[in-house]
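*Asks:* Quick one: this structure, given as structure tokens, is what I'll be asking you about.
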Amino acid sequence: MPQETAVQTTTIFPFLRYKDAPAAIDWLVRTFGFEKQMVVPGEVGTIAHAQLSLGPGVVRLGSARGSAGGERPYDPQAVSHGIYVFVDDVDEHFRRARDAGAETVSELADTEYGSREYAALDPEGYYWSFGTYKPEPPK
């Protein structure tokens with residue numbers, strides 16, 4: 001009997017709330033190459049829940065609700081959070097994002113820890129990093 005190969009999947013899913021979630025979904029698909037997995041409409045032009053994928057990774061998002069949609073000033077010198085996404089061809093990904101008008105806050109470069117990466121902001125100021133760093137799966 002052949003052995004089954006275990007498929008490693010993540011158990012951590014970043015979740016973001018956007019003031020204009022429909023526009024954010026369109027932008028993330030067009031600019032960063034995400035694919036829509038699921039989009040559940042909410043009340044009048046809002047998104048109750050959405051899942052976007054890039055390779056095997058998934059990010060969840062929806063429309064801001066109540067105090068979750070408050071203003072959060074962005075200071076690129078004091079980034080306290082962001083999302084890092086592994087991509088096979090970071091040079092091509094960078095060109096795509098730049099050509100689509102993404103605001104890069106860290107240019108494409110090689111790091112001292114062996115990754116090649118860049119960072120950009122989405123239209124609502126979320127900090128996204130893309131690169132070749134890929135942690136070893138947990139044992």
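Here, A, B, ... name the chains of the structure tokens in the order displayed, residue numbers run from 1 inside each chain, and ligands are numbered from 1 in the same displayed order.
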Just list as a ChimeraX atom specification whatever in chain A DSSP marks as alpha helix (DSSP H).
*Replies:* /A:21-32,90-99
*Asks:* Quick one: residues within 12 Å of Ala23 (chain A), only C-alpha atoms counted, chain neighbours fewer than 4 positions away excluded, as an MDAnalysis selection string?
*Replies:* chainID A and resid 18:19 27:31 45:47 61:63 122:124
*Asks:* Using only C-alpha atoms, which residues sit within 9 Å of Arg17 (chain A) once same-chain residues fewer than 3 positions away are excluded, as a PDB file with N, CA and C atoms, in the first residue's frame?
*Replies:*
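The resulting out01.pdb:
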```pdb
ATOM      1  N   ASP A  20     -13.067  50.351   2.637  1.00  0.00           N
ATOM      2  CA  ASP A  20     -13.673  50.026   1.344  1.00  0.00           C
ATOM      3  C   ASP A  20     -13.162  48.653   0.917  1.00  0.00           C
ATOM      4  N   ALA A  21     -13.739  47.605   1.494  1.00  0.00           N
ATOM      5  CA  ALA A  21     -13.280  46.237   1.234  1.00  0.00           C
ATOM      6  C   ALA A  21     -13.439  45.823  -0.232  1.00  0.00           C
ATOM      7  N   ARG A  60      -7.592  36.691   5.006  1.00  0.00           N
ATOM      8  CA  ARG A  60      -9.030  36.943   5.144  1.00  0.00           C
ATOM      9  C   ARG A  60      -9.213  38.443   5.305  1.00  0.00           C
ATOM     10  N   LEU A  61     -10.332  38.950   4.800  1.00  0.00           N
ATOM     11  CA  LEU A  61     -10.603  40.374   4.994  1.00  0.00           C
ATOM     12  C   LEU A  61     -12.088  40.637   4.943  1.00  0.00           C
ATOM     13  N   GLY A  62     -12.455  41.820   5.383  1.00  0.00           N
ATOM     14  CA  GLY A  62     -13.843  42.231   5.370  1.00  0.00           C
ATOM     15  C   GLY A  62     -13.933  43.730   5.556  1.00  0.00           C
ATOM     16  N   SER A  63     -15.154  44.222   5.561  1.00  0.00           N
ATOM     17  CA  SER A  63     -15.387  45.653   5.765  1.00  0.00           C
ATOM     18  C   SER A  63     -15.231  46.009   7.236  1.00  0.00           C
ATOM     19  N   ALA A  64     -14.706  47.216   7.483  1.00  0.00           N
ATOM     20  CA  ALA A  64     -14.546  47.705   8.848  1.00  0.00           C
ATOM     21  C   ALA A  64     -15.909  47.814   9.503  1.00  0.00           C
ATOM     22  N   ARG A  65     -15.931  47.468  10.778  1.00  0.00           N
ATOM     23  CA  ARG A  65     -17.177  47.515  11.544  1.00  0.00           C
ATOM     24  C   ARG A  65     -16.926  48.227  12.857  1.00  0.00           C
ATOM     25  N   ALA A  68     -13.548  48.987  14.917  1.00  0.00           N
ATOM     26  CA  ALA A  68     -12.479  48.337  14.166  1.00  0.00           C
ATOM     27  C   ALA A  68     -12.057  49.154  12.956  1.00  0.00           C
ATOM     28  N   GLY A  69     -12.866  50.137  12.539  1.00  0.00           N
ATOM     29  CA  GLY A  69     -12.536  50.927  11.365  1.00  0.00           C
ATOM     30  C   GLY A  69     -11.962  52.284  11.694  1.00  0.00           C
TER      31      GLY A  69
END
```
*Asks:* Taking the DSSP assignment computed from this structure's backbone, write out as a ChimeraX atom specification all residues of chain A that belong to strand (DSSP E or B).
*Replies:* /A:15-18,35-41,47-54,57-63,83-86,103-110,116-121,127-131
*Asks:* Name all residues at most 8 Å from Val85 (chain A) (count only C-alpha atoms; drop same-chain ones fewer than 5 positions away) and give them as a count of residues only.
*Replies:* 5
*Asks:* Compile the contact shell of Thr132 (chain A) as a list in words: residues with an atom at most 6 Å away, counting only C-alpha atoms, same-chain residues fewer than 2 positions apart removed.
*Replies:*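 So the residues in contact are Phe86, Val87, Ser115 and Arg116 of chain A.
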*Asks:* If you measure from CA of Gly82 (chain A) to CA of Tyr127 (chain A), what distance in Å do you get, rounded to one decimal?
*Replies:*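 Result for CA of Gly82 (chain A) versus CA of Tyr127 (chain A): 4.7 Å, one decimal.
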*Asks:* Go through A:Gln37, A:Pro56, A:Val90, A:Ala50 and flag the residue nearest Ala24 (chain A), using only C-alpha atoms for the distances.
*Replies:* A:Ala50
